[in-house]
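Shown next: structure-v1.csv, containing CSV, C-alpha atoms.
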chain,number,residue,atom,x,y,z
B,594,MET,CA,24.5,75.9,124.4
B,595,ALA,CA,26.4,74.5,121.4
B,596,THR,CA,28.8,72.4,123.5
B,597,PHE,CA,26.0,71.1,125.7
B,598,LEU,CA,23.9,69.9,122.7
B,599,SER,CA,26.9,68.4,120.9
B,600,VAL,CA,28.0,66.2,123.9
B,601,THR,CA,24.4,65.3,124.6
B,602,ILE,CA,23.9,64.1,121.0
B,603,GLU,CA,27.1,62.1,121.3
B,604,MET,CA,26.3,60.3,124.6
B,605,LEU,CA,22.5,59.9,124.6
B,606,PRO,CA,22.6,56.3,123.1
B,607,THR,CA,24.4,55.1,126.3
B,608,GLY,CA,21.2,55.7,128.3
B,609,LEU,CA,18.8,54.2,125.7
B,610,LEU,CA,20.5,50.9,124.8
B,611,PRO,CA,17.6,48.6,125.6
B,612,GLU,CA,15.0,50.6,123.7
B,613,MET,CA,17.1,51.1,120.7
B,614,SER,CA,18.3,47.5,120.6
B,615,ASP,CA,14.8,46.0,120.9
B,616,GLU,CA,13.4,48.1,118.1
B,617,LEU,CA,16.3,47.8,115.7
B,618,GLY,CA,16.8,44.1,116.4
B,619,VAL,CA,20.4,44.2,117.4
B,620,THR,CA,22.3,43.6,120.7
B,621,GLU,CA,22.8,46.3,123.3
B,622,SER,CA,26.6,46.0,122.7
B,623,MET,CA,26.0,46.9,119.0
B,624,ILE,CA,24.1,50.0,120.1
B,625,GLY,CA,26.9,50.8,122.5
B,626,LEU,CA,29.2,50.5,119.6
B,627,THR,CA,27.5,53.6,118.0
B,628,VAL,CA,29.2,55.7,120.6
B,629,SER,CA,32.6,54.2,119.7
B,630,VAL,CA,31.9,54.8,116.0
B,631,PHE,CA,31.1,58.4,116.8
B,632,ALA,CA,34.3,58.9,118.8
B,633,PHE,CA,36.6,57.2,116.4
B,634,THR,CA,35.1,59.2,113.5
B,635,VAL,CA,36.2,62.3,115.4
B,636,VAL,CA,39.7,60.8,115.9
B,637,LEU,CA,40.1,60.1,112.2
B,638,SER,CA,38.5,63.2,110.7
B,639,SER,CA,38.9,66.3,113.0
B,640,ALA,CA,42.5,67.2,112.0
B,641,LEU,CA,41.9,66.7,108.3
B,642,LEU,CA,38.6,68.6,108.2
B,643,SER,CA,40.1,71.4,110.3
B,644,HIS,CA,42.9,71.7,107.8
B,645,LEU,CA,40.6,71.6,104.8
B,646,THR,CA,38.3,74.3,106.3
B,647,ARG,CA,41.1,76.5,107.7
B,648,ARG,CA,40.2,79.4,105.3
B,649,PHE,CA,36.5,79.3,106.0
B,650,ASP,CA,34.8,82.0,108.0
B,651,ARG,CA,34.7,80.6,111.6
B,652,HIS,CA,31.2,81.9,112.4
B,653,LYS,CA,29.6,80.5,109.2
B,654,LEU,CA,31.6,77.2,109.7
B,655,VAL,CA,30.2,76.7,113.3
B,656,VAL,CA,26.7,77.4,112.1
B,657,ILE,CA,27.0,74.9,109.2
B,658,VAL,CA,28.6,72.2,111.4
B,659,LEU,CA,25.8,72.6,114.0
B,660,LEU,CA,23.2,72.2,111.2
B,661,VAL,CA,24.9,69.0,110.0
B,662,LEU,CA,24.9,67.8,113.6
B,663,ALA,CA,21.1,68.5,113.8
B,664,ALA,CA,20.5,66.7,110.5
B,665,SER,CA,22.5,63.6,111.7
B,666,THR,CA,20.3,63.5,114.8
B,667,VAL,CA,17.1,63.6,112.7
B,668,LEU,CA,18.6,60.8,110.6
B,669,THR,CA,19.2,58.8,113.9
B,670,ALA,CA,15.6,59.4,114.9
B,671,PHE,CA,14.2,58.0,111.6
B,672,ALA,CA,16.8,55.2,111.1
B,673,PRO,CA,14.9,52.2,109.8
B,674,ASN,CA,17.8,49.8,110.5
B,675,TYR,CA,21.2,49.5,112.1
B,676,GLY,CA,23.1,50.4,109.0
B,677,VAL,CA,21.4,53.8,108.7
B,678,LEU,CA,21.9,54.3,112.4
B,679,ILE,CA,25.7,53.8,112.0
B,680,ALA,CA,25.7,56.1,109.0
B,681,SER,CA,23.9,58.8,111.0
B,682,ARG,CA,26.5,58.5,113.8
B,683,VAL,CA,29.4,58.8,111.3
B,684,LEU,CA,27.9,61.9,109.9
B,685,GLY,CA,27.4,63.3,113.5
B,686,GLY,CA,31.0,62.3,114.3
B,687,LEU,CA,32.3,64.3,111.4
B,688,ALA,CA,30.4,67.4,112.5
B,689,HIS,CA,31.2,66.9,116.2
B,690,GLY,CA,34.9,66.6,115.5
B,691,LEU,CA,35.1,69.7,113.4
B,692,PHE,CA,33.0,71.6,115.9
B,693,TRP,CA,35.3,70.8,118.8
B,694,ALA,CA,38.3,71.6,116.7
B,695,VAL,CA,37.0,75.1,115.9
B,696,MET,CA,35.3,75.8,119.2
B,697,GLY,CA,38.4,76.2,121.4
B,698,ALA,CA,40.1,78.4,118.9
B,699,TYR,CA,37.0,80.4,118.3
B,700,ALA,CA,36.8,81.2,122.0
B,701,SER,CA,40.5,82.2,121.9
B,702,TYR,CA,39.8,84.8,119.2
B,703,LEU,CA,37.2,86.6,121.4
B,704,VAL,CA,39.4,87.3,124.4
B,705,PRO,CA,42.9,88.5,125.2
B,706,LYS,CA,45.5,85.8,125.9
B,707,GLU,CA,45.4,86.2,129.7
B,708,GLN,CA,41.7,85.3,129.6
B,709,LEU,CA,42.1,82.1,127.5
B,710,GLY,CA,41.6,79.8,130.6
B,711,ARG,CA,38.4,81.5,131.6
B,712,ALA,CA,37.0,81.5,128.1
B,713,VAL,CA,37.8,77.8,127.5
B,714,SER,CA,36.3,76.9,130.9
B,715,ILE,CA,33.1,78.6,130.1
B,716,SER,CA,32.9,77.0,126.7
B,717,LEU,CA,33.7,73.5,128.0
B,718,GLY,CA,31.1,74.0,130.8
B,719,GLY,CA,28.4,73.0,128.3
B,720,GLY,CA,30.0,69.6,128.0
B,721,SER,CA,30.0,69.1,131.7
B,722,LEU,CA,26.3,70.2,131.9
B,723,ALA,CA,25.5,67.6,129.2
B,724,PHE,CA,26.7,64.8,131.5
B,725,VAL,CA,24.9,66.3,134.6
B,726,PHE,CA,21.6,67.3,132.9
B,727,GLY,CA,21.5,66.7,129.2
B,728,VAL,CA,21.9,62.9,129.0
B,729,PRO,CA,19.7,62.1,132.1
B,730,LEU,CA,16.9,64.4,130.8
B,731,GLY,CA,17.2,62.9,127.3
B,732,VAL,CA,17.0,59.4,128.8
B,733,THR,CA,14.0,60.3,130.9
B,734,LEU,CA,12.3,61.7,127.7
B,735,GLY,CA,13.2,58.6,125.8
B,736,HIS,CA,11.6,56.4,128.5
B,737,ALA,CA,8.5,58.5,128.4
B,738,VAL,CA,7.8,59.0,124.7
B,739,GLY,CA,10.3,56.7,122.9
B,740,TRP,CA,13.9,57.0,121.9
B,741,ARG,CA,13.1,58.3,118.4
B,742,MET,CA,11.1,61.2,119.8
B,743,ALA,CA,14.0,61.9,122.2
B,744,PHE,CA,16.4,62.3,119.3
B,745,LEU,CA,13.9,64.4,117.4
B,746,VAL,CA,13.5,66.8,120.3
B,747,LEU,CA,17.3,67.0,120.7
B,748,ALA,CA,17.5,67.8,116.9
B,749,GLY,CA,15.0,70.6,117.4
B,750,LEU,CA,17.0,72.0,120.3
B,751,ALA,CA,20.1,71.8,118.2
B,752,LEU,CA,18.4,74.0,115.6
B,753,VAL,CA,17.5,76.5,118.4
B,754,GLY,CA,21.1,76.5,119.5
B,755,THR,CA,22.3,77.1,116.0
B,756,PHE,CA,20.1,80.1,115.7
B,757,PHE,CA,21.6,81.5,118.9
B,758,VAL,CA,25.1,81.0,117.6
B,759,TYR,CA,24.1,82.7,114.3
B,760,LYS,CA,22.4,85.6,116.0
B,761,PHE,CA,24.7,86.3,119.0
B,762,LEU,CA,28.2,85.1,118.3
B,763,PRO,CA,30.3,87.7,116.4
B,764,PRO,CA,32.3,86.6,113.3
B,765,VAL,CA,36.0,86.4,113.8
B,766,LYS,CA,38.9,86.9,111.5
B,767,ALA,CA,42.3,85.4,112.3
B,768,GLY,CA,44.5,88.1,111.0
B,769,ALA,CA,47.7,87.5,113.0
B,770,SER,CA,50.5,85.1,113.3
B,771,THR,CA,51.6,85.8,116.8
B,772,PRO,CA,50.5,83.9,119.9
B,773,THR,CA,50.0,87.1,122.0
B,774,MET,CA,47.0,88.9,120.7
B,775,SER,CA,45.1,92.1,121.3
B,776,ILE,CA,41.4,92.2,120.5
B,777,ALA,CA,39.8,95.1,118.6
B,778,VAL,CA,36.1,95.3,117.9
B,779,ALA,CA,35.4,96.5,114.3
B,780,SER,CA,33.8,99.9,114.0
B,781,SER,CA,31.0,98.5,111.9
B,782,THR,CA,28.2,97.8,114.4
B,783,SER,CA,26.2,96.1,111.7
B,784,THR,CA,28.5,93.1,111.6
B,785,GLY,CA,29.8,93.2,115.1
B,786,SER,CA,32.8,91.3,113.8
B,787,VAL,CA,35.9,90.8,115.9
B,788,THR,CA,39.3,91.1,114.3
B,789,VAL,CA,42.3,89.6,115.9
B,790,LEU,CA,45.3,91.9,115.7
B,791,ALA,CA,48.9,91.2,116.5
B,792,ASP,CA,50.7,93.2,119.2
B,793,SER,CA,54.4,93.9,119.2
B,794,THR,CA,55.3,90.6,120.9
B,795,HIS,CA,57.7,88.5,118.8
B,796,ALA,CA,56.5,85.1,117.7
B,797,PRO,CA,58.4,82.1,118.9
B,798,ARG,CA,60.1,79.9,116.4
B,799,ARG,CA,57.7,77.6,114.6
B,800,GLU,CA,59.5,74.4,115.8
B,801,GLN,CA,59.1,75.5,119.4
B,802,SER,CA,55.4,76.1,119.0
B,803,VAL,CA,54.8,72.8,117.2
B,804,LEU,CA,56.9,70.9,119.8
B,805,ALA,CA,54.8,72.4,122.6
B,806,VAL,CA,51.5,71.5,120.9
B,807,VAL,CA,52.7,67.9,120.3
B,808,ILE,CA,53.8,67.5,123.9
B,809,VAL,CA,50.5,68.8,125.3
B,810,CYS,CA,48.6,66.5,123.0
B,811,LEU,CA,50.7,63.6,124.2
B,812,ILE,CA,50.0,64.5,127.8
B,813,THR,CA,46.3,64.7,126.9
B,814,ALA,CA,46.2,61.3,125.3
B,815,VAL,CA,48.1,59.6,128.2
B,816,THR,CA,45.8,61.3,130.8
B,817,MET,CA,42.6,60.4,129.0
B,818,ILE,CA,43.7,56.8,128.5
B,819,GLY,CA,44.1,56.4,132.2
B,820,GLN,CA,40.9,58.3,132.9
B,821,TYR,CA,38.7,56.1,130.7
B,822,THR,CA,40.5,52.9,131.6
B,823,PHE,CA,38.9,53.3,135.0
B,824,TYR,CA,35.9,55.6,134.5
B,825,THR,CA,34.3,53.5,131.8
B,826,TYR,CA,33.8,50.7,134.4
B,827,ILE,CA,33.2,52.9,137.4
B,828,THR,CA,29.6,51.7,138.0
B,829,PRO,CA,30.5,48.1,138.7
B,830,PHE,CA,33.5,49.2,140.7
B,831,LEU,CA,31.4,51.4,142.9
B,832,GLU,CA,28.9,48.6,143.4
B,833,ARG,CA,31.2,45.7,143.9
B,834,SER,CA,34.3,47.2,145.4
B,835,VAL,CA,33.2,50.3,147.2
B,836,GLY,CA,29.9,49.0,148.3
B,837,VAL,CA,27.6,51.6,146.8
B,838,SER,CA,24.0,50.3,146.5
B,839,LYS,CA,22.5,50.3,143.0
B,840,ASP,CA,19.9,52.9,144.1
B,841,PHE,CA,22.7,55.3,144.9
B,842,ILE,CA,24.8,54.9,141.8
B,843,SER,CA,23.0,57.7,140.0
B,844,PRO,CA,23.3,60.2,142.8
B,845,ALA,CA,27.0,59.3,143.0
B,846,LEU,CA,27.5,59.9,139.3
B,847,PHE,CA,25.5,63.1,139.6
B,848,GLY,CA,27.7,64.3,142.4
B,849,TYR,CA,30.8,63.5,140.3
B,850,GLY,CA,29.3,65.7,137.5
B,851,VAL,CA,28.5,68.5,139.9
B,852,MET,CA,32.0,68.5,141.2
B,853,GLY,CA,33.2,68.7,137.6
B,854,LEU,CA,31.1,71.8,137.1
B,855,LEU,CA,32.6,73.3,140.3
B,856,SER,CA,36.1,72.6,138.9
B,857,LEU,CA,35.3,74.7,135.8
B,858,VAL,CA,34.4,77.6,138.1
B,859,ILE,CA,37.8,77.1,139.9
B,860,VAL,CA,39.6,77.1,136.6
B,861,ALA,CA,37.8,80.2,135.3
B,862,ALA,CA,38.3,82.2,138.5
B,863,TRP,CA,41.8,81.2,139.5
B,864,LEU,CA,43.7,78.5,137.6
B,865,GLY,CA,42.9,79.5,134.1
B,866,SER,CA,45.7,82.1,134.1
B,867,ARG,CA,48.1,79.6,135.7
B,868,PRO,CA,47.5,76.5,133.5
B,869,ARG,CA,51.0,75.0,134.3
B,870,LEU,CA,50.4,75.1,138.1
B,871,GLY,CA,46.8,74.1,137.7
B,872,LEU,CA,47.7,71.0,135.6
B,873,ILE,CA,50.1,69.7,138.2
B,874,ILE,CA,47.6,70.3,141.1
B,875,ALA,CA,44.8,68.5,139.2
B,876,LEU,CA,47.0,65.5,138.1
B,877,VAL,CA,48.3,65.0,141.6
B,878,THR,CA,44.9,65.3,143.2
B,879,VAL,CA,43.4,62.8,140.8
B,880,PHE,CA,46.4,60.5,141.5
B,881,VAL,CA,45.8,60.6,145.3
B,882,SER,CA,42.0,60.1,144.8
B,883,VAL,CA,42.4,57.1,142.5
B,884,LEU,CA,45.1,55.5,144.6
B,885,THR,CA,42.8,55.9,147.6
B,886,LEU,CA,40.1,54.0,145.7
B,887,ALA,CA,42.6,51.3,144.8
B,888,VAL,CA,44.1,50.8,148.3
B,889,TRP,CA,41.0,51.2,150.5
B,890,PRO,CA,38.0,50.4,148.3
B,891,GLY,CA,36.0,48.8,151.2
B,892,PHE,CA,35.7,52.0,153.2
B,893,LEU,CA,32.4,53.4,151.8
B,894,TRP,CA,32.6,57.0,152.9
B,895,LEU,CA,36.3,57.3,152.2
B,896,GLY,CA,35.6,55.9,148.7
B,897,ILE,CA,32.8,58.3,148.0
B,898,ILE,CA,34.9,61.3,149.1
B,899,ALA,CA,37.8,60.1,146.9
B,900,PHE,CA,35.4,59.6,144.0
B,901,LEU,CA,34.0,63.2,144.4
B,902,MET,CA,37.5,64.6,144.7
B,903,TRP,CA,38.4,62.7,141.5
B,904,GLY,CA,35.5,64.5,139.8
B,905,LEU,CA,36.6,67.9,141.1
B,906,ALA,CA,40.2,67.5,140.0
B,907,GLY,CA,39.5,65.5,136.9
B,908,GLY,CA,37.1,68.2,135.7
B,909,MET,CA,40.0,70.7,135.7
B,910,LEU,CA,42.0,68.7,133.2
B,911,PRO,CA,40.2,69.3,129.9
B,912,PRO,CA,40.1,73.2,130.2
B,913,LEU,CA,43.6,73.3,131.5
B,914,LEU,CA,45.0,71.1,128.8
B,915,GLN,CA,43.2,72.9,126.0
B,916,THR,CA,44.3,76.3,127.5
B,917,ARG,CA,47.9,75.0,127.3
B,918,VAL,CA,47.4,74.0,123.7
B,919,LEU,CA,46.0,77.4,122.8
B,920,ARG,CA,48.7,79.3,124.6
B,921,ALA,CA,51.4,77.3,122.9
B,922,ALA,CA,50.0,77.6,119.4
B,923,PRO,CA,50.4,80.8,117.4
B,924,ALA,CA,47.2,82.1,115.8
B,925,ARG,CA,48.3,80.6,112.4
B,926,ILE,CA,48.0,77.1,113.7
B,927,ARG,CA,45.4,77.4,116.5
B,928,ASP,CA,42.6,75.7,114.7
B,929,VAL,CA,44.8,72.8,113.6
B,930,SER,CA,46.3,72.5,117.1
B,931,SER,CA,42.8,72.4,118.6
B,932,ALA,CA,41.9,69.7,116.1
B,933,PHE,CA,44.9,67.6,117.2
B,934,TYR,CA,44.0,68.2,120.8
B,935,THR,CA,40.4,66.9,120.0
B,936,THR,CA,42.0,63.9,118.3
B,937,ALA,CA,44.3,63.2,121.2
B,938,PHE,CA,41.3,63.5,123.7
B,939,ASN,CA,39.1,61.1,121.7
B,940,SER,CA,42.0,58.7,121.2
B,941,GLY,CA,42.3,58.6,124.9
B,942,ILE,CA,38.6,57.8,125.4
B,943,GLY,CA,38.7,55.0,122.9
B,944,GLY,CA,42.1,53.7,124.0
B,945,GLY,CA,41.2,53.8,127.6
B,946,ALA,CA,38.0,51.9,127.2
B,947,LEU,CA,39.9,49.2,125.3
B,948,VAL,CA,42.7,49.0,127.9
B,949,GLY,CA,40.1,48.8,130.6
B,950,ALA,CA,38.2,46.0,128.8
B,951,LEU,CA,41.4,43.9,128.4
B,952,ALA,CA,42.4,44.5,132.0
B,953,LEU,CA,39.0,43.7,133.3
B,954,GLU,CA,38.9,40.4,131.4
B,955,HIS,CA,42.4,39.2,132.5
B,956,TRP,CA,42.8,40.7,136.0
B,957,GLY,CA,39.4,42.0,137.3
B,958,LEU,CA,38.0,45.3,138.6
B,959,GLY,CA,40.6,45.8,141.3
B,960,VAL,CA,43.5,46.5,138.9
B,961,LEU,CA,41.7,49.3,137.0
B,962,PRO,CA,42.5,52.2,139.5
B,963,TYR,CA,46.2,51.0,139.7
B,964,ILE,CA,46.4,51.3,135.9
B,965,HIS,CA,44.8,54.7,136.0
B,966,ALA,CA,47.3,55.8,138.7
B,967,ALA,CA,50.2,54.5,136.5
B,968,PHE,CA,49.1,56.6,133.5
B,969,LEU,CA,48.8,59.6,135.8
B,970,VAL,CA,52.4,59.2,136.9
B,971,VAL,CA,53.5,59.1,133.3
B,972,ALA,CA,51.4,62.3,132.6
B,973,ILE,CA,53.0,64.1,135.6
B,974,LEU,CA,56.5,63.2,134.4
B,975,LEU,CA,55.6,64.4,130.9
B,976,VAL,CA,54.5,67.7,132.2
B,977,ILE,CA,57.7,68.2,134.2
B,978,VAL,CA,59.9,67.1,131.2
B,979,ALA,CA,57.9,69.3,128.9
B,980,ASP,CA,58.5,72.4,131.0
B,981,VAL,CA,62.3,71.6,131.2
B,982,VAL,CA,62.6,70.9,127.4
B,983,LEU,CA,60.5,73.9,126.3
B,984,HIS,CA,62.3,76.2,128.7
B,985,GLY,CA,65.6,75.0,127.3
B,986,VAL,CA,64.5,75.6,123.8
B,987,LYS,CA,63.3,79.1,124.6
B,988,GLN,CA,66.5,80.0,126.4
B,989,ARG,CA,68.6,78.7,123.5
B,990,ARG,CA,66.6,80.9,121.1
B,991,VAL,CA,67.1,83.9,123.3
B,992,ILE,CA,70.9,83.4,123.4
B,993,GLU,CA,71.0,82.8,119.6
B,994,HIS,CA,69.0,86.0,119.0

Rendering of file as structure tokens:
Amino acid sequence: MATFLSVTIEMLPTGLLPEMSDELGVTESMIGLTVSVFAFTVVLSSALLSHLTRRFDRHKLVVIVLLVLAASTVLTAFAPNYGVLIASRVLGGLAHGLFWAVMGAYASYLVPKEQLGRAVSISLGGGSLAFVFGVPLGVTLGHAVGWRMAFLVLAGLALVGTFFVYKFLPPVKAGASTPTMSIAVASSTSTGSVTVLADSTHAPRREQSVLAVVIVCLITAVTMIGQYTFYTYITPFLERSVGVSKDFISPALFGYGVMGLLSLVIVAAWLGSRPRLGLIIALVTVFVSVLTLAVWPGFLWLGIIAFLMWGLAGGMLPPLLQTRVLRAAPARIRDVSSAFYTTAFNSGIGGGALVGALALEHWGLGVLPYIHAAFLVVAILLVIVADVVLHGVKQRRVIEH
């Protein structure tokens, strides 16, 4: 619920650009900029806020962050001018970034290490549902009763979601410094708290853990830059290059989102425990799909199939990448590592949109899938190099020991 509402709040302005721009007296591009402001606020703040709040109780922190997110949405609904609207989006971005930094690590505290992939997939499923249902329903509500009422309703739902988090999620205590954890439920049923206890596995050297987290964050940034270089402008590409009529753009995007949901099921059921293999499979499948769109864009059904396969494989990437971060990071740096992952992900979103805009202006739509494919090649090579380097570091430590 929480991830669903968080992403819906972030992306809802994209569907209500005309209504918001007319009432506030600014251009649609300036309203679109509010999404960029939200994303870059996340980039600039999530790691710092995660560090500053590292000693806070995770359960209380998530509740507070969701309350701030709800408050920012109310402020958006009542914004009398563009300046207040931007301020509300900055406030929402601060809360959103910290929420996503904490969320992945929170899920990791609730399950044994071998179930990390499944836990992350379930948690991230709310974000995918936001694209499939949350934003479209919010846009429909905005068209029916006005954009301000749509944001107010969303704020009310955020309060409901906050209550469910407060009521049903157990508090957690990060009481270990090793990456392999065993979970023990506290005997006090009144609190239902979960304490993370260390098992007998030796912790890896700190430099190996940090190096692994840095490499995965780099892979994340490169992958997302490629993704959003192309996906940001997928609607005109589907219309002008593939030949999808305007009436069928929404069903195509809905199908892409549904395939993304299916991908989360695949990760949770199978690939979550094999994130290294799953990441290679997903990256290669996206590469083949995107290259198909680049080379044969005029074949309508082939293009649609390639687009849907892109949605299936691309949906696997966020949970697999975050699972690799959480597996690589010892408990002492999981929250900070998750924050850096969030920063890398949002940097990819903003950077990809910028690269796509520049490429579109100079070379046109046809070059976008080729650029995406090039970034995917770099990401695949980084995954291979990372495995070799980290394996070598691990072997050297074993020999030294």

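Taking atom CA of B:Asp928 as the reference point, atom CA of B:Leu864 is found at 23.1 Å.
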
Using all atoms listed in the file, which residues sit within 7 Å of stretch 674-684 of chain B once same-chain residues fewer than 4 positions away are excluded, as a ChimeraX atom specification? /B:617,627,630-631,634,665,668-669,688

Could you please determine the separation between atom CA of B:Leu703 and atom CA of B:Cys810 in Å, to one decimal place? 23.2 Å

Using only C-alpha atoms, which protein or nucleic acid residues come within 9 Å of stretch 726-740 of chain B? Drop anything in the same chain fewer than 4 positions from it, and give the result as a ChimeraX atom specification. /B:597-598,600-602,604-609,612-613,670,721-722,744-747,847

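Across B:Thr596, B:Thr755, B:Glu616, B:Val713, the tightest approach to B:Val661 is made by B:Thr755 when counting only C-alpha atoms.
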
Name the closest residue to B:Arg920 among the candidates B:Ser639, B:Ser701, B:Ser714, B:Ser629; distances are taken between atoms, counting all atoms listed in the file. B:Ser701

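A straight line drawn from atom CA of B:Leu919 to atom CA of B:Thr935 is 12.2 Å long.
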
Which residues are close to stretch 936-940 of chain B, i.e. within 7 Å by only C-alpha atoms, leaving aside same-chain residues fewer than 4 positions away? Reply as a PyMOL selection string. chain B and resi 632+635-636+639+810+813-814+817+932+944

Once you have the residues from the selection above, write them out as a tab-separated table (two decimals), in the coordinates of the input, restricted to C-alpha atoms.
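Just written: part_14.tsv:
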chain	number	residue	atom	x	y	z
B	632	ALA	CA	34.30	58.90	118.80
B	635	VAL	CA	36.20	62.30	115.40
B	636	VAL	CA	39.70	60.80	115.90
B	639	SER	CA	38.90	66.30	113.00
B	810	CYS	CA	48.60	66.50	123.00
B	813	THR	CA	46.30	64.70	126.90
B	814	ALA	CA	46.20	61.30	125.30
B	817	MET	CA	42.60	60.40	129.00
B	932	ALA	CA	41.90	69.70	116.10
B	944	GLY	CA	42.10	53.70	124.00

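With all atoms listed in the file as the atoms that count, the minimum distance from B:Ala922 to the choices B:Lys706, B:His965, B:Arg741, B:Lys760 is reached by B:Lys706.
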
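Residues with any atom within 12 Å of the point (48.9, 70.7, 141.5), counting only C-alpha atoms, are Leu864, Arg867, Pro868, Arg869, Leu870, Gly871, Leu872, Ile873, Ile874, Ala875, Leu876, Val877, Thr878, Val879, Phe880, Val881, Ala906, Gly907, Met909, Leu910, Leu913, Ile973, Val976 and Ile977 of chain B.
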
For B:Phe892: contacts at 10 Å, all atoms listed in the file, fewer than 5 positions along chain excluded, given as a ChimeraX atom specification: /B:834-836,885-886,897

Taking all atoms listed in the file into account, which of B:Val971, B:Ala640, B:Ile624, B:Val667 comes nearest B:Val695? B:Ala640

Please provide the set of residues having any atom within 12 Å of B:Leu953, restricted to all atoms listed in the file, with same-chain residues fewer than 5 positions apart removed, written as number ranges by chain. B: 822-823, 825-827, 829-830, 945-948, 958-962, 964

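Checking B:Val837, B:Val758, B:Val628, B:Ile808 one by one against B:Val656, counting only C-alpha atoms, you find the shortest gap at B:Val758.
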
Have a look at B:Ile812, B:Leu750, B:Leu637, B:Ala595 and name the one nearest to B:Leu974; count all atoms listed in the file. B:Ile812
